[in-house]
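Student: Next comes structure.tsv, TSV, C-alpha atoms:
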```tsv
chain	number	residue	atom	x	y	z
A	1	MET	CA	76.06	81.14	86.30
A	2	ASN	CA	77.87	84.05	84.66
A	3	LYS	CA	78.52	86.63	87.36
A	4	TYR	CA	80.04	89.23	85.04
A	5	HIS	CA	77.63	92.04	84.25
A	6	GLN	CA	77.46	95.72	83.52
A	7	ARG	CA	77.78	97.65	86.77
A	8	ALA	CA	74.93	100.03	87.58
A	9	ARG	CA	76.44	101.73	90.65
A	10	ASN	CA	79.33	104.14	91.21
A	11	LEU	CA	79.10	105.53	87.69
A	12	TYR	CA	79.85	109.12	86.72
A	13	ASP	CA	76.79	111.12	85.68
A	14	PRO	CA	77.64	114.40	83.89
A	15	LYS	CA	74.24	115.80	84.89
A	16	SER	CA	74.73	115.20	88.61
A	17	ASP	CA	76.10	117.88	90.93
A	18	LYS	CA	77.10	115.35	93.58
A	19	PRO	CA	80.84	114.77	94.17
A	20	PHE	CA	82.14	111.69	92.37
A	21	ALA	CA	84.67	109.53	94.20
A	22	ILE	CA	87.87	108.60	92.40
A	23	SER	CA	90.18	106.15	94.16
A	24	ARG	CA	93.92	106.05	93.84
A	25	SER	CA	93.58	102.83	91.84
A	26	LYS	CA	91.17	104.51	89.38
A	27	ILE	CA	93.77	107.22	88.79
A	28	ASP	CA	96.23	104.41	88.04
A	29	LEU	CA	93.71	102.95	85.61
A	30	PHE	CA	93.32	106.30	83.82
A	31	LEU	CA	97.09	106.60	83.47
A	32	GLU	CA	97.29	103.05	82.10
A	33	CYS	CA	94.46	103.46	79.59
A	34	PRO	CA	91.85	106.24	79.32
A	35	ARG	CA	89.57	103.92	77.35
A	36	CYS	CA	89.51	101.24	80.06
A	37	PHE	CA	88.96	103.99	82.66
A	38	TYR	CA	86.00	105.43	80.73
A	39	LEU	CA	84.43	102.02	80.15
A	40	ASP	CA	84.67	101.39	83.88
A	41	CYS	CA	83.63	104.73	85.40
A	42	ARG	CA	81.10	105.91	82.79
A	43	LEU	CA	79.68	102.68	81.40
A	44	GLY	CA	80.18	100.20	84.24
A	45	LEU	CA	82.27	97.82	82.14
A	46	GLY	CA	85.34	97.28	84.26
A	47	ARG	CA	88.22	94.97	83.51
A	48	THR	CA	87.74	91.38	84.64
A	49	SER	CA	88.72	91.00	88.27
A	50	ILE	CA	91.64	88.98	89.57
A	51	PRO	CA	91.89	87.17	92.93
A	52	SER	CA	93.22	89.23	95.81
A	53	PHE	CA	96.69	88.45	97.15
A	54	SER	CA	95.72	87.13	100.59
A	55	LEU	CA	99.31	86.52	101.68
A	56	ASN	CA	100.26	90.14	100.90
A	57	SER	CA	97.24	91.35	102.87
A	58	ALA	CA	98.29	89.21	105.83
A	59	VAL	CA	101.80	90.70	105.80
A	60	ASP	CA	100.32	94.22	105.61
A	61	ALA	CA	98.04	93.53	108.57
A	62	LEU	CA	100.88	92.15	110.69
A	63	LEU	CA	103.16	95.09	109.89
A	64	LYS	CA	100.40	97.53	110.87
A	65	LYS	CA	99.97	95.72	114.20
A	66	GLU	CA	103.71	95.82	114.79
A	67	PHE	CA	103.98	99.57	114.18
A	68	ASP	CA	100.78	100.19	116.16
A	69	LEU	CA	102.46	98.77	119.26
A	70	LEU	CA	104.86	101.75	119.13
A	71	ARG	CA	102.36	104.37	117.95
A	72	LYS	CA	100.83	105.21	121.33
A	73	GLU	CA	104.26	105.21	122.98
A	74	LYS	CA	105.64	107.53	120.28
A	75	LYS	CA	108.69	105.30	119.89
A	76	PRO	CA	110.51	104.43	116.66
A	77	HIS	CA	110.57	100.91	115.30
A	78	GLU	CA	113.96	99.21	115.38
A	79	LEU	CA	113.92	99.14	111.58
A	80	MET	CA	113.53	102.93	111.51
A	81	THR	CA	116.50	103.25	113.84
A	82	LEU	CA	118.54	100.86	111.70
A	83	TYR	CA	117.95	103.08	108.64
A	84	ASN	CA	118.56	106.28	110.63
A	85	ILE	CA	115.01	107.54	110.07
A	86	LYS	CA	114.38	110.08	112.80
A	87	ALA	CA	110.64	109.68	113.12
A	88	VAL	CA	107.93	107.77	114.98
A	89	PRO	CA	104.64	106.21	113.84
A	90	PHE	CA	102.05	108.99	113.55
A	91	ASP	CA	99.26	108.78	116.13
A	92	HIS	CA	95.94	110.26	115.00
A	93	PRO	CA	92.31	109.45	115.95
A	94	GLU	CA	91.49	108.64	112.31
A	95	ILE	CA	94.57	106.58	111.42
A	96	ASP	CA	92.55	103.33	111.22
A	97	LYS	CA	89.97	104.99	108.97
A	98	TRP	CA	92.70	106.30	106.66
A	99	ARG	CA	94.09	102.77	106.35
A	100	GLU	CA	90.76	101.09	105.63
A	101	ASN	CA	90.17	99.91	102.06
A	102	PHE	CA	87.36	101.74	100.21
A	103	VAL	CA	87.37	104.43	102.91
A	104	GLY	CA	90.86	105.89	103.25
A	105	LYS	CA	91.75	109.58	103.34
A	106	ARG	CA	89.55	111.76	101.14
A	107	TYR	CA	89.89	115.19	99.61
A	108	LEU	CA	87.21	116.97	97.58
A	109	HIS	CA	88.85	118.72	94.64
A	110	GLU	CA	86.64	121.78	94.19
A	111	GLY	CA	87.86	122.51	90.68
A	112	THR	CA	86.36	119.25	89.38
A	113	ASN	CA	83.98	118.12	92.15
A	114	LEU	CA	85.92	114.84	92.24
A	115	GLU	CA	86.58	113.30	95.65
A	116	ILE	CA	90.06	111.81	95.52
A	117	PHE	CA	90.78	109.09	98.05
A	118	GLY	CA	93.20	106.34	98.93
A	119	ALA	CA	93.96	103.98	101.82
A	120	VAL	CA	97.49	104.57	103.06
A	121	ASP	CA	99.43	101.76	104.77
A	122	ASP	CA	101.06	103.95	107.39
A	123	LEU	CA	102.21	107.44	108.31
A	124	TRP	CA	105.24	108.44	110.32
A	125	ILE	CA	106.03	111.89	111.67
A	126	ASN	CA	109.45	113.50	112.07
A	127	SER	CA	110.71	116.12	114.53
A	128	GLN	CA	109.69	118.92	112.13
A	129	LYS	CA	106.06	117.70	112.44
A	130	GLU	CA	106.10	116.56	108.81
A	131	LEU	CA	104.22	113.46	107.78
A	132	LEU	CA	106.13	110.70	106.01
A	133	VAL	CA	103.97	108.50	103.79
A	134	VAL	CA	104.78	104.80	104.20
A	135	ASP	CA	103.79	101.91	101.97
A	136	TYR	CA	104.24	98.21	102.75
A	137	LYS	CA	105.26	95.84	99.96
A	138	SER	CA	105.62	92.06	99.98
A	139	THR	CA	107.87	90.13	97.63
A	140	SER	CA	110.10	87.08	97.37
A	141	THR	CA	113.30	87.58	95.45
A	142	SER	CA	117.01	86.84	95.69
A	143	LYS	CA	117.78	90.02	93.73
A	144	GLU	CA	118.55	93.36	95.31
A	145	ILE	CA	115.31	95.21	95.91
A	146	SER	CA	115.03	98.55	94.13
A	147	LEU	CA	112.39	100.87	92.72
A	148	GLU	CA	113.80	100.80	89.20
A	149	ASP	CA	111.83	97.83	87.88
A	150	GLU	CA	109.27	98.83	85.27
A	151	TYR	CA	106.28	97.56	87.22
A	152	LYS	CA	107.39	99.44	90.35
A	153	GLN	CA	106.99	102.83	88.71
A	154	GLY	CA	103.36	102.60	89.76
A	155	TYR	CA	104.52	102.40	93.38
A	156	LYS	CA	105.97	105.89	93.02
A	157	LYS	CA	102.73	107.28	91.57
A	158	GLN	CA	100.82	105.65	94.38
A	159	MET	CA	102.93	107.37	97.04
A	160	GLU	CA	102.73	110.75	95.29
A	161	ILE	CA	98.93	110.57	95.23
A	162	TYR	CA	98.88	109.93	98.97
A	163	GLN	CA	101.29	112.80	99.55
A	164	TRP	CA	99.05	115.08	97.48
A	165	ILE	CA	95.88	114.06	99.34
A	166	PHE	CA	97.37	114.75	102.76
A	167	ARG	CA	98.93	118.04	101.66
A	168	LYS	CA	95.61	119.21	100.25
A	169	SER	CA	93.96	118.14	103.52
A	170	GLY	CA	96.11	120.61	105.45
A	171	PHE	CA	98.94	118.40	106.66
A	172	LYS	CA	102.61	119.24	106.31
A	173	VAL	CA	104.08	116.41	104.25
A	174	ASN	CA	107.74	115.70	103.59
A	175	ASP	CA	108.66	114.96	99.96
A	176	THR	CA	110.43	111.80	101.11
A	177	GLY	CA	108.33	108.71	101.75
A	178	TYR	CA	109.32	105.15	102.56
A	179	PHE	CA	108.63	101.68	101.20
A	180	VAL	CA	108.91	98.89	103.76
A	181	PHE	CA	109.67	95.68	101.87
A	182	ALA	CA	108.98	92.27	103.41
A	183	ASN	CA	111.03	89.81	101.37
A	184	ALA	CA	110.18	86.13	101.92
A	185	SER	CA	113.28	83.95	101.95
A	186	LYS	CA	113.43	80.82	99.78
A	187	GLU	CA	116.81	79.72	101.13
A	188	LYS	CA	115.57	77.59	104.04
A	189	PRO	CA	116.11	73.80	103.69
A	190	LYS	CA	112.42	73.14	104.33
A	191	PHE	CA	109.15	75.02	104.70
A	192	ASP	CA	108.50	73.92	108.30
A	193	LYS	CA	105.06	75.63	108.17
A	194	LYS	CA	106.45	79.17	108.26
A	195	LEU	CA	107.89	81.87	106.05
A	196	VAL	CA	110.88	83.93	107.11
A	197	PHE	CA	110.82	87.55	105.96
A	198	ASN	CA	113.68	90.00	105.73
A	199	LEU	CA	112.56	93.59	106.23
A	200	SER	CA	114.17	96.55	104.48
A	201	ILE	CA	113.32	100.18	103.79
A	202	ILE	CA	113.77	102.13	100.56
A	203	SER	CA	113.27	105.88	100.59
A	204	TYR	CA	111.69	107.77	97.72
A	205	LYS	CA	111.50	111.52	97.08
A	206	GLY	CA	108.11	112.13	95.54
A	207	ASP	CA	106.91	114.85	93.18
A	208	ASP	CA	103.12	115.25	93.18
A	209	SER	CA	103.05	118.11	90.64
A	210	TRP	CA	101.44	115.77	88.06
A	211	VAL	CA	98.46	114.86	90.24
A	212	GLU	CA	96.24	117.94	89.90
A	213	PRO	CA	96.65	118.27	86.09
A	214	THR	CA	95.74	114.59	85.84
A	215	ILE	CA	92.59	115.17	87.89
A	216	PHE	CA	91.50	117.85	85.40
A	217	GLU	CA	92.20	115.40	82.54
A	218	ILE	CA	90.09	112.77	84.31
A	219	LYS	CA	87.22	115.23	84.68
A	220	LYS	CA	87.39	116.06	80.96
A	221	CYS	CA	87.43	112.37	80.08
A	222	LEU	CA	84.43	111.59	82.30
A	223	GLY	CA	82.46	114.55	80.94
A	224	SER	CA	82.79	113.48	77.31
A	225	ASP	CA	80.16	111.41	75.52
A	226	GLU	CA	82.83	109.86	73.30
A	227	ILE	CA	84.82	106.82	74.35
A	228	PRO	CA	88.52	107.81	74.28
A	229	ASP	CA	91.22	105.98	72.38
A	230	SER	CA	93.10	103.13	73.98
A	231	ASP	CA	96.61	103.47	75.26
A	232	PRO	CA	98.88	101.84	72.63
A	233	ASP	CA	100.34	99.55	75.29
A	234	CYS	CA	97.05	98.47	76.85
A	235	GLU	CA	97.00	94.67	76.72
A	236	PHE	CA	93.33	94.55	77.68
A	237	CYS	CA	92.27	96.64	74.70
A	238	GLU	CA	94.56	94.67	72.39
A	239	TYR	CA	92.99	91.46	73.61
A	240	ARG	CA	89.49	92.81	72.92
A	241	LYS	CA	90.57	93.81	69.40
A	242	LEU	CA	92.04	90.37	68.80
A	243	ILE	CA	88.82	88.65	69.87
A	244	LYS	CA	86.76	90.91	67.58
A	245	SER	CA	89.03	90.13	64.63
A	246	PHE	CA	88.40	86.40	65.03
A	247	GLU	CA	84.68	86.87	65.55
A	248	LYS	CA	84.44	88.68	62.22
```
Would you write out, as structure tokens, the structure that this file holds?
Tutor:
Amino acid sequence: MNKYHQRARNLYDPKSDKPFAISRSKIDLFLECPRCFYLDCRLGLGRTSIPSFSLNSAVDALLKKEFDLLRKEKKPHELMTLYNIKAVPFDHPEIDKWRENFVGKRYLHEGTNLEIFGAVDDLWINSQKELLVVDYKSTSTSKEISLEDEYKQGYKKQMEIYQWIFRKSGFKVNDTGYFVFANASKEKPKFDKKLVFNLSIISYKGDDSWVEPTIFEIKKCLGSDEIPDSDPDCEFCEYRKLIKSFEK
């Protein structure tokens, strides 16, 4: 049975005065290709789904548990000490809610009536009472880990959106956030039913000045009755064009 169909829920209605929720991933989609974004959020024709990365989710869950052990005690993790990060995991009654997928931290942007939200991996707090946005990443590479790879530029946007949401929600947020990388080693002589991860931290100084202008662009896109042009580099749109050319 074909399970792919046109979605009828969570679609933007220009005539409705109810706030419309836009996730961090939907902002990513708009930046990648306005056409794909419009097809998804206005017409219910999203890109085909891909399987979730269960191993990455498991690493995220274990890292959260590890930092949670220190959260109530207001003590730094040994990795934070190793990288001279003078902060502790942030303890807040809603921290679990902010980290829950499809719930996350939400902010209603009054200028557009769009509710921007995203599920953060973690938050730390320094001695100046500034929040530090933290994102966990899993990988397996023998190369030096950096943020300069092309596909990792989205990581930076992701962090800046989270920084913007928490700032707009009234929190004092430091420009610097942190990526905690769990790098699975492939150097062991045998699997032995376990993976060995090396943990490292890379800091990133964010700039969220692009976020609000983008939200206004998203609102304009959603409010139009015309499907926008594709991004020239969108492989999904190019694939659809290629299929149509053969069908003709």
Student: Skip Asn10 (chain A) itself and residues of its chain fewer than 5 positions away, then list as an MDAnalysis selection string all residues within 10 Å of it, counting all atoms listed in the file.
Tutor: chainID A and resid 20:22 40:44
Student: For those residues, write C-alpha atoms to a file as an mmCIF file, keeping the file's coordinate frame.
Tutor:
```cif
data_model
loop_
_atom_site.group_PDB
_atom_site.id
_atom_site.type_symbol
_atom_site.label_atom_id
_atom_site.label_comp_id
_atom_site.auth_asym_id
_atom_site.auth_seq_id
_atom_site.Cartn_x
_atom_site.Cartn_y
_atom_site.Cartn_z
ATOM 1 C CA PHE A 20 82.140 111.690 92.370
ATOM 2 C CA ALA A 21 84.670 109.530 94.200
ATOM 3 C CA ILE A 22 87.870 108.600 92.400
ATOM 4 C CA ASP A 40 84.670 101.390 83.880
ATOM 5 C CA CYS A 41 83.630 104.730 85.400
ATOM 6 C CA ARG A 42 81.100 105.910 82.790
ATOM 7 C CA LEU A 43 79.680 102.680 81.400
ATOM 8 C CA GLY A 44 80.180 100.200 84.240
#
```
Student: With 10 Å as the cut-off and all atoms listed in the file counted, what is the closest atom pair between each nearby residue of region 49-79 of chain A and region 86-92 of chain A? Distances in Å to one decimal, ordered by chain and number, as a Markdown table.
Tutor:
```
| residue | atom | partner | partner_atom | distance |
| --- | --- | --- | --- | --- |
| A:Phe67 | CA | A:Pro89 | CA | 6.7 |
| A:Asp68 | CA | A:Pro89 | CA | 7.5 |
| A:Leu69 | CA | A:Pro89 | CA | 9.5 |
| A:Leu70 | CA | A:Pro89 | CA | 6.9 |
| A:Arg71 | CA | A:Pro89 | CA | 5.0 |
| A:Lys72 | CA | A:Asp91 | CA | 6.5 |
| A:Glu73 | CA | A:Val88 | CA | 9.2 |
| A:Lys74 | CA | A:Val88 | CA | 5.8 |
| A:Lys75 | CA | A:Val88 | CA | 5.5 |
| A:Pro76 | CA | A:Val88 | CA | 4.5 |
| A:His77 | CA | A:Val88 | CA | 7.4 |
```
Student: Could I get the residues of region 168-235 of chain A with an atom no further than 8 Å from an atom of region 102-126 of chain A, each paired with its nearest atom pair and that distance in Å to one decimal, using only C-alpha atoms, sorted by chain and residue number, as JSON lines?
Tutor:
```
{"residue": "A:Lys168", "atom": "CA", "partner": "A:Tyr107", "partner_atom": "CA", "distance": 7.0}
{"residue": "A:Ser169", "atom": "CA", "partner": "A:Tyr107", "partner_atom": "CA", "distance": 6.4}
{"residue": "A:Ile215", "atom": "CA", "partner": "A:Thr112", "partner_atom": "CA", "distance": 7.6}
{"residue": "A:Phe216", "atom": "CA", "partner": "A:Thr112", "partner_atom": "CA", "distance": 6.6}
{"residue": "A:Lys219", "atom": "CA", "partner": "A:Thr112", "partner_atom": "CA", "distance": 6.2}
```
Student: Quick one, how far is CA of Asp13 (chain A) from CA of Pro213 (chain A)?
Tutor: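 Answer for the CA of Asp13 (chain A) to CA of Pro213 (chain A) separation: 21.1 Å.
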Student: If I take CA of Ser49 (chain A) and CA of Lys241 (chain A), how far is one from the other in Å, to one decimal?
Tutor: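 We find that CA of Ser49 (chain A) and CA of Lys241 (chain A) lie 19.2 Å from each other.
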Student: Hey, which of A:Leu45, A:Val196, A:Val211, A:Ala58 ends up closest to Asp28 (chain A)? Count all atoms listed in the file.
Tutor: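 Comparing A:Leu45, A:Val196, A:Val211, A:Ala58 against Asp28 (chain A), the winner is A:Val211.
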Student: Could you tell me how far CA of Phe171 (chain A) lies from CA of Glu130 (chain A), in Å and to one decimal?
Tutor: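 Straight-line distance from CA of Phe171 (chain A) to CA of Glu130 (chain A) works out to 7.7 Å.
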Student: Within 8 Å of Arg35 (chain A), counting only C-alpha atoms, which residues show up once you throw out same-chain ones fewer than 3 positions away? Write them as a PDB file with C-alpha atoms, in the coordinates of the input, please.
Tutor:
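Printed below is part_24.pdb as written:
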```
ATOM      1  CA  PHE A  30      93.320 106.300  83.820  1.00  0.00           C
ATOM      2  CA  TYR A  38      86.000 105.430  80.730  1.00  0.00           C
ATOM      3  CA  LEU A  39      84.430 102.020  80.150  1.00  0.00           C
ATOM      4  CA  ILE A 227      84.820 106.820  74.350  1.00  0.00           C
ATOM      5  CA  PRO A 228      88.520 107.810  74.280  1.00  0.00           C
ATOM      6  CA  ASP A 229      91.220 105.980  72.380  1.00  0.00           C
ATOM      7  CA  SER A 230      93.100 103.130  73.980  1.00  0.00           C
ATOM      8  CA  ASP A 231      96.610 103.470  75.260  1.00  0.00           C
TER       9      ASP A 231
END
```
